[in-house]
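**Student:** Compact mmCIF, C-alpha atoms and all ligand atoms, file query-v7.txt:
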```txt
# COMPACT_ATOMS: atom_id res chain seq x y z
CA MET A 130 173.22 153.93 142.55
CA ALA A 131 175.95 154.25 139.91
CA ALA A 132 175.13 153.07 136.37
CA VAL A 133 175.40 149.28 136.24
CA ARG A 134 177.45 147.43 133.62
CA ASP A 135 177.29 143.78 132.61
CA THR A 136 180.20 141.34 132.30
CA LEU A 137 180.89 142.64 128.77
CA GLY A 138 180.89 146.28 129.94
CA ARG A 139 177.46 147.06 128.47
CA PRO A 140 175.44 149.61 130.47
CA ILE A 141 171.70 149.36 131.05
CA ARG A 142 170.23 152.26 129.09
CA ASP A 143 167.09 151.07 127.41
CA LEU A 144 164.10 149.39 129.10
CA ARG A 145 161.35 147.74 127.05
CA ILE A 146 158.20 146.96 128.91
CA SER A 147 155.39 144.70 127.76
CA VAL A 148 152.26 146.18 129.34
CA THR A 149 150.02 143.30 128.24
CA ASP A 150 150.47 139.91 126.56
CA ARG A 151 147.13 140.33 124.75
CA CYS A 152 146.65 141.57 121.23
CA ASN A 153 143.78 142.22 118.83
CA PHE A 154 145.91 141.02 115.88
CA ARG A 155 147.26 137.54 115.20
CA CYS A 156 150.34 138.21 113.08
CA PRO A 157 151.58 134.75 112.05
CA TYR A 158 155.21 135.65 112.84
CA CYS A 159 154.31 136.66 116.39
CA MET A 160 150.97 135.26 117.67
CA PRO A 161 149.72 132.79 115.04
CA LYS A 162 145.99 132.25 115.45
CA GLU A 163 146.41 128.47 115.54
CA ALA A 164 148.49 128.82 118.74
CA PHE A 165 146.75 131.90 120.22
CA GLY A 166 143.11 130.83 119.85
CA PRO A 167 140.10 131.64 122.06
CA ASP A 168 141.32 129.19 124.73
CA HIS A 169 144.83 130.59 124.97
CA PRO A 170 145.76 131.15 128.64
CA PHE A 171 146.61 134.84 128.64
CA MET A 172 147.74 136.35 131.92
CA ALA A 173 145.05 137.02 134.49
CA ASP A 174 144.71 140.76 135.19
CA SER A 175 145.96 140.17 138.73
CA ARG A 176 149.30 138.99 137.32
CA LEU A 177 149.86 142.15 135.25
CA MET A 178 151.89 144.97 136.73
CA THR A 179 149.55 147.74 137.81
CA GLY A 180 150.39 151.26 136.66
CA GLY A 181 151.76 152.04 140.12
CA GLU A 182 153.95 148.92 140.27
CA LEU A 183 155.24 149.56 136.78
CA ALA A 184 156.19 153.15 137.64
CA ARG A 185 157.94 152.08 140.81
CA ILE A 186 160.02 149.52 138.93
CA VAL A 187 160.86 152.07 136.20
CA ARG A 188 162.06 154.51 138.87
CA VAL A 189 164.51 151.91 140.20
CA PHE A 190 165.75 151.14 136.67
CA VAL A 191 166.35 154.85 136.10
CA GLY A 192 168.56 154.79 139.19
CA ALA A 193 170.54 151.97 137.53
CA GLY A 194 171.15 154.01 134.37
CA VAL A 195 168.04 153.66 132.18
CA GLU A 196 167.37 156.72 129.97
CA LYS A 197 164.90 155.32 127.46
CA VAL A 198 161.65 153.48 128.09
CA ARG A 199 159.64 151.83 125.34
CA LEU A 200 156.15 150.52 126.05
CA THR A 201 155.12 147.54 123.97
CA GLY A 202 153.33 144.20 124.22
CA GLY A 203 151.13 142.50 123.00
CA GLU A 204 149.18 145.54 121.94
CA PRO A 205 149.80 148.31 124.48
CA LEU A 206 146.77 150.37 123.41
CA LEU A 207 144.54 147.63 124.83
CA ARG A 208 145.43 149.06 128.27
CA GLY A 209 143.05 151.82 129.27
CA ASP A 210 145.52 153.28 131.77
CA LEU A 211 148.29 153.74 129.18
CA PRO A 212 148.15 157.58 129.12
CA ALA A 213 148.38 157.63 132.94
CA ILE A 214 151.37 155.25 132.84
CA ILE A 215 153.08 157.44 130.25
CA ARG A 216 152.41 160.63 132.22
CA GLU A 217 154.00 159.13 135.33
CA ILE A 218 157.07 157.80 133.47
CA LYS A 219 157.61 161.05 131.59
CA HIS A 220 156.61 163.74 134.08
CA GLY A 221 156.61 161.92 137.44
CA ILE A 222 159.93 160.09 136.98
CA GLY A 223 161.37 162.33 134.24
CA VAL A 224 162.56 159.68 131.77
CA PRO A 225 164.12 161.63 128.86
CA ASP A 226 162.86 159.37 126.06
CA VAL A 227 159.50 157.58 126.26
CA SER A 228 158.24 155.70 123.22
CA LEU A 229 155.53 153.25 122.24
CA THR A 230 155.30 150.42 119.71
CA THR A 231 151.77 149.75 118.45
CA ASN A 232 149.94 147.99 115.64
CA GLY A 233 148.09 151.27 115.08
CA TRP A 234 144.54 149.86 115.12
CA PHE A 235 143.40 152.11 117.98
CA LEU A 236 145.80 154.95 117.27
CA ALA A 237 143.47 157.48 115.65
CA ARG A 238 141.33 157.44 118.80
CA HIS A 239 144.23 157.81 121.26
CA ALA A 240 146.95 159.80 119.46
CA ALA A 241 146.15 163.20 120.98
CA ALA A 242 145.82 161.80 124.54
CA LEU A 243 149.15 159.96 124.21
CA ARG A 244 150.85 163.13 123.04
CA SER A 245 149.47 165.25 125.85
CA ALA A 246 150.47 162.55 128.36
CA GLY A 247 154.09 163.15 127.32
CA LEU A 248 154.85 160.32 124.88
CA ASP A 249 157.89 161.36 122.81
CA ARG A 250 157.91 158.95 119.88
CA LEU A 251 155.91 156.25 118.17
CA ASN A 252 156.72 153.11 116.20
CA VAL A 253 153.79 151.75 114.22
CA SER A 254 153.87 148.32 112.57
CA VAL A 255 152.82 148.17 108.92
CA ASP A 256 153.80 145.05 106.99
CA ALA A 257 152.04 145.79 103.69
CA LEU A 258 149.93 148.41 101.90
CA ASP A 259 148.14 145.85 99.76
CA GLY A 260 144.92 145.00 101.61
CA ALA A 261 145.06 141.25 101.03
CA ILE A 262 148.72 140.93 102.04
CA ALA A 263 148.26 143.19 105.09
CA GLY A 264 145.24 141.10 106.12
CA ARG A 265 147.34 137.96 105.91
CA MET A 266 150.17 139.56 107.89
CA ASN A 267 147.82 140.60 110.73
CA GLY A 268 146.24 137.15 110.67
CA LEU A 269 142.64 138.37 110.79
CA GLY A 270 142.10 140.20 107.52
CA TYR A 271 141.94 143.61 109.20
CA ARG A 272 142.00 146.76 107.03
CA VAL A 273 145.38 148.43 106.74
CA SER A 274 143.61 151.71 105.83
CA ARG A 275 142.56 152.09 109.47
CA VAL A 276 146.20 151.75 110.59
CA LEU A 277 147.27 154.33 107.99
CA ASP A 278 144.57 156.71 109.26
CA GLY A 279 145.96 156.19 112.77
CA ILE A 280 149.43 157.13 111.54
CA ASP A 281 148.05 160.32 109.95
CA ALA A 282 146.31 161.19 113.23
CA ALA A 283 149.55 160.60 115.16
CA ALA A 284 151.49 162.80 112.74
CA ALA A 285 148.84 165.51 113.15
CA ALA A 286 149.26 165.20 116.94
CA GLY A 287 152.95 166.02 116.48
CA PHE A 288 154.67 162.65 116.89
CA PRO A 289 157.91 161.68 115.19
CA ILE A 290 156.95 158.30 113.70
CA LYS A 291 158.89 155.25 112.59
CA ILE A 292 157.23 152.39 110.74
CA ASN A 293 158.21 148.80 111.57
CA CYS A 294 157.85 146.22 108.83
CA VAL A 295 158.67 142.56 109.41
CA LEU A 296 159.56 140.91 106.13
CA GLN A 297 158.57 137.33 105.47
CA GLY A 298 159.97 136.01 102.19
CA GLY A 299 157.28 135.02 99.71
CA VAL A 300 154.57 136.80 101.70
CA ASN A 301 155.22 140.56 101.85
CA ASP A 302 158.64 141.14 100.30
CA GLY A 303 156.88 142.41 97.15
CA GLU A 304 155.71 145.33 99.33
CA ILE A 305 159.20 146.75 99.97
CA ILE A 306 159.09 149.34 97.18
CA PRO A 307 155.44 150.44 97.63
CA LEU A 308 156.07 150.89 101.38
CA CYS A 309 159.19 152.99 100.76
CA ASP A 310 157.31 155.10 98.25
CA TYR A 311 154.36 155.72 100.57
CA PHE A 312 156.25 156.50 103.75
CA ARG A 313 159.04 158.61 102.32
CA ALA A 314 156.37 160.81 100.74
CA ARG A 315 155.00 161.35 104.26
CA GLY A 316 158.34 161.86 106.00
CA HIS A 317 158.19 158.73 108.20
CA THR A 318 161.28 156.51 108.54
CA LEU A 319 160.59 152.93 107.55
CA ARG A 320 162.49 150.14 109.30
CA PHE A 321 162.59 146.67 107.80
CA ILE A 322 163.00 143.95 110.41
CA GLU A 323 164.32 140.48 109.65
CA PHE A 324 161.86 137.76 110.66
CA MET A 325 163.31 136.44 113.94
CA ASP A 326 163.15 133.02 115.54
CA VAL A 327 161.52 134.24 118.74
CA GLY A 328 159.09 131.97 120.56
CA THR A 329 158.11 128.49 119.51
CA THR A 330 154.88 128.99 117.58
CA ASN A 331 155.72 131.07 114.50
CA ARG A 332 157.19 128.22 112.41
CA TRP A 333 160.27 130.30 111.69
CA SER A 334 162.73 128.98 109.13
CA LEU A 335 165.82 130.62 107.69
CA PRO A 336 164.61 130.63 104.05
CA GLN A 337 161.75 132.95 105.11
CA VAL A 338 164.23 135.60 106.28
CA VAL A 339 164.83 138.35 103.72
CA PRO A 340 168.47 139.32 104.42
CA ALA A 341 169.17 142.98 105.16
CA ARG A 342 171.63 143.35 102.29
CA GLU A 343 169.00 142.08 99.84
CA VAL A 344 166.53 144.70 101.07
CA VAL A 345 169.12 147.44 100.61
CA ALA A 346 169.95 146.16 97.10
CA ARG A 347 166.30 146.06 96.07
CA ILE A 348 165.58 149.59 97.26
CA SER A 349 168.86 150.93 95.84
CA ALA A 350 167.90 149.65 92.40
CA VAL A 351 164.97 152.10 92.47
CA TRP A 352 166.22 154.89 94.74
CA PRO A 353 169.98 154.75 95.46
CA LEU A 354 170.81 154.54 99.18
CA GLU A 355 173.84 155.73 101.14
CA PRO A 356 174.83 154.35 104.56
CA VAL A 357 174.54 156.69 107.56
CA GLY A 358 176.43 156.13 110.83
CA PRO A 359 174.47 155.13 113.94
CA ALA A 360 172.73 157.97 115.80
CA TYR A 361 173.97 156.51 119.09
CA ARG A 362 175.90 153.49 120.38
CA GLY A 363 173.71 150.39 120.52
CA GLU A 364 171.26 151.55 117.84
CA VAL A 365 169.66 148.38 116.49
CA ALA A 366 168.84 149.58 112.97
CA SER A 367 171.50 150.14 110.32
CA ARG A 368 170.58 153.45 108.74
CA TYR A 369 170.59 154.47 105.07
CA ARG A 370 169.52 157.72 103.45
CA TYR A 371 168.00 158.13 100.04
CA ALA A 372 170.61 159.77 97.82
CA ASP A 373 167.90 162.11 96.49
CA GLY A 374 167.62 163.59 100.00
CA ARG A 375 164.07 162.39 100.59
CA GLY A 376 164.45 160.73 103.98
CA GLU A 377 166.00 157.54 105.29
CA ILE A 378 165.29 153.90 106.09
CA GLY A 379 166.56 151.48 108.72
CA ILE A 380 167.23 147.75 108.60
CA VAL A 381 167.18 145.56 111.70
CA SER A 382 169.34 142.60 110.75
CA SER A 383 169.19 140.61 113.95
CA VAL A 384 169.43 137.29 112.11
CA THR A 385 172.01 137.85 109.38
CA GLU A 386 174.16 140.47 111.16
CA PRO A 387 173.56 140.27 114.91
CA PHE A 388 174.43 143.26 117.09
CA CYS A 389 174.74 141.85 120.60
CA ARG A 390 178.06 143.61 121.23
CA ASP A 391 176.44 146.94 121.99
CA CYS A 392 173.12 145.71 123.37
CA ASN A 393 172.11 147.82 126.34
CA ARG A 394 168.48 146.73 126.47
CA ALA A 395 166.61 145.16 129.35
CA ARG A 396 163.10 143.78 128.97
CA LEU A 397 160.30 143.56 131.46
CA SER A 398 157.43 141.15 130.74
CA ALA A 399 153.85 142.16 131.53
CA ASP A 400 154.04 140.17 134.77
CA GLY A 401 157.17 142.03 135.82
CA ARG A 402 159.93 139.55 135.01
CA LEU A 403 163.28 140.91 133.92
CA PHE A 404 164.85 139.41 130.79
CA THR A 405 168.34 140.43 129.79
CA CYS A 406 167.96 139.14 126.22
CA LEU A 407 165.07 138.68 123.78
CA PHE A 408 166.19 135.08 123.50
CA ALA A 409 166.51 134.40 127.22
CA ALA A 410 164.61 131.33 128.35
CA GLU A 411 163.88 132.64 131.84
CA GLY A 412 163.08 135.94 133.48
CA ARG A 413 163.70 137.07 137.04
CA ASP A 414 160.70 138.05 139.10
CA VAL A 415 161.01 141.77 139.91
CA LEU A 416 157.27 142.18 140.45
CA GLY A 417 157.27 139.31 142.96
CA LEU A 418 159.89 141.18 144.94
CA VAL A 419 157.85 144.39 144.79
CA ARG A 420 154.73 142.54 145.95
CA SER A 421 156.65 140.91 148.81
CA GLY A 422 157.10 144.41 150.26
CA ALA A 423 160.75 144.97 149.31
CA GLY A 424 162.08 148.52 149.50
CA ASP A 425 163.63 150.38 146.56
CA ALA A 426 167.19 149.65 147.73
CA GLU A 427 166.54 145.89 147.74
CA ILE A 428 164.88 146.00 144.31
CA SER A 429 167.78 148.03 143.03
CA ARG A 430 170.33 145.47 144.33
CA PHE A 431 168.31 142.67 142.73
CA ILE A 432 168.34 144.38 139.32
CA ALA A 433 172.03 145.34 139.58
CA GLY A 434 172.91 141.74 140.50
CA ILE A 435 171.10 140.36 137.45
CA TRP A 436 172.49 142.95 135.02
CA GLY A 437 175.98 142.75 136.52
CA ALA A 438 176.05 138.99 135.83
CA ARG A 439 174.71 139.36 132.29
CA SER A 440 176.75 137.71 129.56
CA ASP A 441 174.05 137.02 126.91
CA ARG A 442 175.02 137.33 123.27
CA TYR A 443 172.58 134.80 121.97
CA SER A 444 172.24 136.12 118.40
CA ASP A 445 176.01 136.36 117.97
CA GLU A 446 176.55 132.88 119.34
CA ARG A 447 173.83 131.06 117.44
CA ALA A 448 175.02 132.39 114.06
CA GLY A 449 176.53 129.42 112.28
CA LEU A 450 175.08 126.79 114.60
CA PRO A 451 172.96 124.03 113.07
CA PRO A 452 169.20 124.43 113.81
CA ALA A 453 169.14 121.53 116.29
CA ALA A 454 171.83 123.20 118.38
CA GLN A 455 169.86 126.46 118.34
CA ALA A 456 166.73 124.96 119.87
CA ARG A 457 166.15 125.95 123.49
CA GLY A 458 163.28 127.13 125.62
CA LYS A 459 162.21 130.40 124.02
CA ILE A 460 159.73 133.01 125.09
CA GLU A 461 157.00 134.47 122.88
CA MET A 462 157.52 138.06 121.68
CA SER A 463 154.06 139.13 122.89
CA TYR A 464 154.96 138.06 126.44
CA ILE A 465 158.44 139.53 126.68
CA GLY A 466 157.64 142.63 124.58
CA GLY A 467 158.93 143.16 121.05
C1 LIG A 501 155.59 142.23 119.47
S1 LIG A 501 155.09 143.73 118.71
C2 LIG A 501 154.30 144.59 120.05
C3 LIG A 501 153.77 145.95 119.70
C4 LIG A 501 152.61 146.03 118.74
N1 LIG A 501 151.64 145.01 118.94
C5 LIG A 501 153.10 146.06 117.32
O1 LIG A 501 152.88 145.10 116.59
O2 LIG A 501 153.73 147.04 116.94
C6 LIG A 501 156.57 144.69 118.55
C7 LIG A 501 157.32 144.52 117.25
O3 LIG A 501 157.82 143.22 117.17
C8 LIG A 501 157.78 142.80 115.83
N2 LIG A 501 157.83 141.34 115.76
C9 LIG A 501 156.95 140.46 116.26
N3 LIG A 501 157.33 139.19 116.00
C10 LIG A 501 158.49 139.27 115.30
C11 LIG A 501 159.38 138.31 114.73
N4 LIG A 501 159.15 137.00 114.81
N5 LIG A 501 160.48 138.76 114.09
C12 LIG A 501 160.73 140.09 113.99
N6 LIG A 501 159.93 141.04 114.52
C13 LIG A 501 158.82 140.64 115.15
C14 LIG A 501 156.49 143.39 115.34
O4 LIG A 501 156.41 143.51 113.96
C15 LIG A 501 156.46 144.73 116.00
O5 LIG A 501 157.04 145.71 115.17
S1 LIG A 502 153.35 141.84 116.18
FE1 LIG A 502 152.17 143.18 117.51
S2 LIG A 502 150.21 143.29 116.44
FE2 LIG A 502 151.20 141.50 115.62
S3 LIG A 502 150.47 139.82 116.92
FE3 LIG A 502 152.44 140.54 117.76
S4 LIG A 502 151.83 141.91 119.33
FE4 LIG A 502 150.06 141.69 118.00
```
Would you kindly transcribe this structure into structure tokens?

**Tutor:**
Amino acid sequence: MAAVRDTLGRPIRDLRISVTDRCNFRCPYCMPKEAFGPDHPFMADSRLMTGGELARIVRVFVGAGVEKVRLTGGEPLLRGDLPAIIREIKHGIGVPDVSLTTNGWFLARHAAALRSAGLDRLNVSVDALDGAIAGRMNGLGYRVSRVLDGIDAAAAAGFPIKINCVLQGGVNDGEIIPLCDYFRARGHTLRFIEFMDVGTTNRWSLPQVVPAREVVARISAVWPLEPVGPAYRGEVASRYRYADGRGEIGIVSSVTEPFCRDCNRARLSADGRLFTCLFAAEGRDVLGLVRSGAGDAEISRFIAGIWGARSDRYSDERAGLPPAAQARGKIEMSYIGG
């Protein structure tokens, strides 16, 4: 099948897959423990895509133009078959760029196996170096030192690593400079992500968002930064390099400077529903079609039909709207895959 384009001419290049909606952390901006307690109805295992189903769906997406696959969640390292899934996507299907986003808690144990399975790149989430602040940001008081050890193990295994940091004003914005200092010394690119209004449980409010330009100004006051052009069309992070030549940072400004225009990203939830936008209220059931016995050609037509009708530019459109007008059914990040 020829590469599919949506109604705004955007191709489908990047597929993000949530492999589980479960997580061992309870970051308040994503899965606050008040809402995701012991009785939370996580997906039954039978609803999750199996490794085989997931690979089959990826193969069809590759036929539609996908070149990059990112595995996420929830916490993807909770899935014991993750190395096998990666091996199939990378070597069985031949996807050029396979990456993983993880909270890093189990990384030291799995880094070498992930590398030998064929994983190309890693993003690890670190919101603070200060133990008390990091414990608050993961919701359960877990030690950040274990995550940092996981990052060292992943670097030793040969991974290029990016660090994701969600900034929440008044909670961890005092960590911006210490994080830059620590990660530039180790050669890992740090990406600051604006706190987004995904889901309905994280009590998001605009004053908690630390705007991208403020982050750049704060870092520049210590280490001057220079803008760098995007590495490729549709790159979500604005890139800056340190003028002293010691690495670069990225800023994901999805709230203050949305970037829907070039968005070429499809998302698959852990139960195999296709979402064409992080802010979509509803997904389309690709896994249901697979389980009904459909052939690849039918699945391919289904996906092409959904992408071909895509017109989402939610972040662009909601900018400037009053909060009441922005409210709509929204899906949790852990379900759809961050
Ligand atoms: C949902 S997590 C899944 C992967 C893994 N558990 C992790 O934390 O890296 C993926 C990314 O989404 C980010 N994220 C979660 N909720 C967010 C929010 N409300 N705004 C911005 N980023 C968010 C996380 O910080 C993380 O970097
Ligand atoms: S951001 Fe990642 S680690 Fe934190 S609760 Fe969400 S899925 Fe878990």

**Student:** Dump as JSON lines the rows for residues of chain A within 6 Å of ligand LIG 501 (chain A): closest atom pair and distance in Å with one decimal, all atoms listed in the file counted, ordered by chain and rising residue number.

**Tutor:**
```
{"residue": "A:Tyr158", "atom": "CA", "partner": "A:LIG501", "partner_atom": "N4", "distance": 4.6}
{"residue": "A:Cys159", "atom": "CA", "partner": "A:LIG501", "partner_atom": "N3", "distance": 4.0}
{"residue": "A:Thr201", "atom": "CA", "partner": "A:LIG501", "partner_atom": "C3", "distance": 4.8}
{"residue": "A:Gly202", "atom": "CA", "partner": "A:LIG501", "partner_atom": "C2", "distance": 4.3}
{"residue": "A:Gly203", "atom": "CA", "partner": "A:LIG501", "partner_atom": "N1", "distance": 4.8}
{"residue": "A:Glu204", "atom": "CA", "partner": "A:LIG501", "partner_atom": "N1", "distance": 3.9}
{"residue": "A:Thr230", "atom": "CA", "partner": "A:LIG501", "partner_atom": "O2", "distance": 4.6}
{"residue": "A:Thr231", "atom": "CA", "partner": "A:LIG501", "partner_atom": "O2", "distance": 3.7}
{"residue": "A:Asn232", "atom": "CA", "partner": "A:LIG501", "partner_atom": "C5", "distance": 4.1}
{"residue": "A:Val253", "atom": "CA", "partner": "A:LIG501", "partner_atom": "O2", "distance": 5.4}
{"residue": "A:Ser254", "atom": "CA", "partner": "A:LIG501", "partner_atom": "O2", "distance": 4.6}
{"residue": "A:Asn293", "atom": "CA", "partner": "A:LIG501", "partner_atom": "O5", "distance": 4.9}
{"residue": "A:Cys294", "atom": "CA", "partner": "A:LIG501", "partner_atom": "O4", "distance": 6.0}
{"residue": "A:Val295", "atom": "CA", "partner": "A:LIG501", "partner_atom": "O4", "distance": 5.2}
{"residue": "A:Ile322", "atom": "CA", "partner": "A:LIG501", "partner_atom": "C12", "distance": 5.7}
{"residue": "A:Glu323", "atom": "CA", "partner": "A:LIG501", "partner_atom": "C12", "distance": 5.6}
{"residue": "A:Phe324", "atom": "CA", "partner": "A:LIG501", "partner_atom": "N5", "distance": 3.8}
{"residue": "A:Met325", "atom": "CA", "partner": "A:LIG501", "partner_atom": "N5", "distance": 3.7}
{"residue": "A:Asp326", "atom": "CA", "partner": "A:LIG501", "partner_atom": "N4", "distance": 5.7}
{"residue": "A:Val327", "atom": "CA", "partner": "A:LIG501", "partner_atom": "N4", "distance": 5.4}
{"residue": "A:Met462", "atom": "CA", "partner": "A:LIG501", "partner_atom": "C1", "distance": 5.1}
{"residue": "A:Ser463", "atom": "CA", "partner": "A:LIG501", "partner_atom": "C1", "distance": 4.9}
{"residue": "A:Gly466", "atom": "CA", "partner": "A:LIG501", "partner_atom": "C1", "distance": 5.5}
{"residue": "A:Gly467", "atom": "CA", "partner": "A:LIG501", "partner_atom": "C6", "distance": 3.8}
```

**Student:** Would you save the residues of that selection, restricted to C-alpha atoms, as an mmCIF file, in the frame of the given file?

**Tutor:**
```cif
data_model
loop_
_atom_site.group_PDB
_atom_site.id
_atom_site.type_symbol
_atom_site.label_atom_id
_atom_site.label_comp_id
_atom_site.auth_asym_id
_atom_site.auth_seq_id
_atom_site.Cartn_x
_atom_site.Cartn_y
_atom_site.Cartn_z
ATOM 1 C CA TYR A 158 155.210 135.650 112.840
ATOM 2 C CA CYS A 159 154.310 136.660 116.390
ATOM 3 C CA THR A 201 155.120 147.540 123.970
ATOM 4 C CA GLY A 202 153.330 144.200 124.220
ATOM 5 C CA GLY A 203 151.130 142.500 123.000
ATOM 6 C CA GLU A 204 149.180 145.540 121.940
ATOM 7 C CA THR A 230 155.300 150.420 119.710
ATOM 8 C CA THR A 231 151.770 149.750 118.450
ATOM 9 C CA ASN A 232 149.940 147.990 115.640
ATOM 10 C CA VAL A 253 153.790 151.750 114.220
ATOM 11 C CA SER A 254 153.870 148.320 112.570
ATOM 12 C CA ASN A 293 158.210 148.800 111.570
ATOM 13 C CA CYS A 294 157.850 146.220 108.830
ATOM 14 C CA VAL A 295 158.670 142.560 109.410
ATOM 15 C CA ILE A 322 163.000 143.950 110.410
ATOM 16 C CA GLU A 323 164.320 140.480 109.650
ATOM 17 C CA PHE A 324 161.860 137.760 110.660
ATOM 18 C CA MET A 325 163.310 136.440 113.940
ATOM 19 C CA ASP A 326 163.150 133.020 115.540
ATOM 20 C CA VAL A 327 161.520 134.240 118.740
ATOM 21 C CA MET A 462 157.520 138.060 121.680
ATOM 22 C CA SER A 463 154.060 139.130 122.890
ATOM 23 C CA GLY A 466 157.640 142.630 124.580
ATOM 24 C CA GLY A 467 158.930 143.160 121.050
#
```

**Student:** Given the choices A:Arg188, A:Arg430, A:Arg362, A:Arg265, which gets closest to ligand LIG 502 (chain A) if the distance is worked out from all atoms listed in the file?

**Tutor:**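 Using all atoms listed in the file, ligand LIG 502 (chain A) sits closest to A:Arg265.
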
**Student:** Would you mind listing what lies within 7 Å of segment 315-319 of chain A as a PyMOL selection string, with all atoms listed in the file counted and same-chain residues fewer than 6 positions away left out?

**Tutor:** chain A and resi 290-293+309+376-379

**Student:** Applying 10 Å and all atoms listed in the file, which residues near Tyr369 of chain A remain after dropping the ones on its own chain fewer than 3 positions away? List them as a list in words.

**Tutor:**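 Near neighbours after the sequence-gap exclusion: Val345, Pro353, Leu354, Glu355, Pro356, Val357, Gly358, Pro359, Ala366, Ala372, Gly376, Glu377, Ile378, Gly379 and Ile380 of chain A.
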
**Student:** With C-alpha atoms retained, write the just-selected residues as a PDB file, keeping the file's coordinate frame.

**Tutor:**
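So again.pdb came out as:
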```pdb
ATOM      1  CA  VAL A 345     169.120 147.440 100.610  1.00  0.00           C
ATOM      2  CA  PRO A 353     169.980 154.750  95.460  1.00  0.00           C
ATOM      3  CA  LEU A 354     170.810 154.540  99.180  1.00  0.00           C
ATOM      4  CA  GLU A 355     173.840 155.730 101.140  1.00  0.00           C
ATOM      5  CA  PRO A 356     174.830 154.350 104.560  1.00  0.00           C
ATOM      6  CA  VAL A 357     174.540 156.690 107.560  1.00  0.00           C
ATOM      7  CA  GLY A 358     176.430 156.130 110.830  1.00  0.00           C
ATOM      8  CA  PRO A 359     174.470 155.130 113.940  1.00  0.00           C
ATOM      9  CA  ALA A 366     168.840 149.580 112.970  1.00  0.00           C
ATOM     10  CA  ALA A 372     170.610 159.770  97.820  1.00  0.00           C
ATOM     11  CA  GLY A 376     164.450 160.730 103.980  1.00  0.00           C
ATOM     12  CA  GLU A 377     166.000 157.540 105.290  1.00  0.00           C
ATOM     13  CA  ILE A 378     165.290 153.900 106.090  1.00  0.00           C
ATOM     14  CA  GLY A 379     166.560 151.480 108.720  1.00  0.00           C
ATOM     15  CA  ILE A 380     167.230 147.750 108.600  1.00  0.00           C
TER      16      ILE A 380
END
```

**Student:** May I have the centre and edge lengths, in Å to one decimal, of an axis-aligned box around the listed atoms of ligand LIG 502 (chain A) with 6 Å added to every side, as JSON?

**Tutor:**
```
{"center_x": 151.7, "center_y": 141.6, "center_z": 117.5, "size_x": 15.3, "size_y": 15.5, "size_z": 15.7}
```

**Student:** Looking at A:Ile141, A:Ala242, A:Met266, A:Met172, which one is nearest to ligand LIG 502 (chain A), with distances taken over only C-alpha atoms and all ligand atoms?

**Tutor:**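 The shortest atom-to-atom distance to ligand LIG 502 (chain A) comes from A:Met266.
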
**Student:** Give me, please, the distance in Å between atom CA of Tyr311 of chain A and atom CA of Ala284 of chain A, quoted to one decimal.

**Tutor:**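 Atom CA of Tyr311 of chain A sits 14.4 Å away from atom CA of Ala284 of chain A.
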
**Student:** What does the structure give for the distance between atom CA of Lys162 of chain A and atom CA of Gly264 of chain A, in Å to one decimal?

**Tutor:**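 Here the two named atoms are 12.9 Å from each other.
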
**Student:** For Ala286 of chain A, which of A:Gly299, A:Pro205, A:Pro225, A:Gly247 is the closest residue, counting only C-alpha atoms?

**Tutor:**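 Among the listed residues, A:Gly247 lies closest to Ala286 of chain A.
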
**Student:** Hey, what's within 10 Å of Trp352 of chain A if we count all atoms listed in the file and toss same-chain stuff fewer than 6 positions away? As a VMD selection string, please?

**Tutor:** chain A and resid 306 309 to 310 345 to 346 370 to 373 375

**Student:** Based on the selection just made, write C-alpha atoms of those residues as an mmCIF file, in the frame of the given file.

**Tutor:**
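Saved to again09.cif:
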```
data_model
loop_
_atom_site.group_PDB
_atom_site.id
_atom_site.type_symbol
_atom_site.label_atom_id
_atom_site.label_comp_id
_atom_site.auth_asym_id
_atom_site.auth_seq_id
_atom_site.Cartn_x
_atom_site.Cartn_y
_atom_site.Cartn_z
ATOM 1 C CA ILE A 306 159.090 149.340 97.180
ATOM 2 C CA CYS A 309 159.190 152.990 100.760
ATOM 3 C CA ASP A 310 157.310 155.100 98.250
ATOM 4 C CA VAL A 345 169.120 147.440 100.610
ATOM 5 C CA ALA A 346 169.950 146.160 97.100
ATOM 6 C CA ARG A 370 169.520 157.720 103.450
ATOM 7 C CA TYR A 371 168.000 158.130 100.040
ATOM 8 C CA ALA A 372 170.610 159.770 97.820
ATOM 9 C CA ASP A 373 167.900 162.110 96.490
ATOM 10 C CA ARG A 375 164.070 162.390 100.590
#
```

**Student:** Could you work out how far atom CA of Gly194 of chain A lies from atom CA of Glu411 of chain A, giving the answer in Å with one decimal?

**Tutor:**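 It comes out at 22.7 Å.
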
**Student:** Any chance you could tabulate, as JSON lines, the residues of segment 187-262 of chain A at most 7 Å from segment 274-278 of chain A with each one's nearest atom pair and distance in Å to one decimal, using all atoms listed in the file, in chain and rising number order?

**Tutor:**
```
{"residue": "A:Gly233", "atom": "CA", "partner": "A:Val276", "partner_atom": "CA", "distance": 4.9}
{"residue": "A:Trp234", "atom": "CA", "partner": "A:Val276", "partner_atom": "CA", "distance": 5.2}
{"residue": "A:Ala237", "atom": "CA", "partner": "A:Asp278", "partner_atom": "CA", "distance": 6.5}
```

**Student:** Taking only C-alpha atoms into account, name the residue in A:Cys389, A:Leu308, A:Ala213, A:Met178 that is nearest to Gly417 of chain A.

**Tutor:**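 Selected residue with least distance to Gly417 of chain A: A:Met178.
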
**Student:** Distance cut-off 9 Å, centre (146.7, 134.2, 121.0) in file coordinates, counting only C-alpha atoms: which residues qualify? Return them as a count of residues only.

**Tutor:** 18
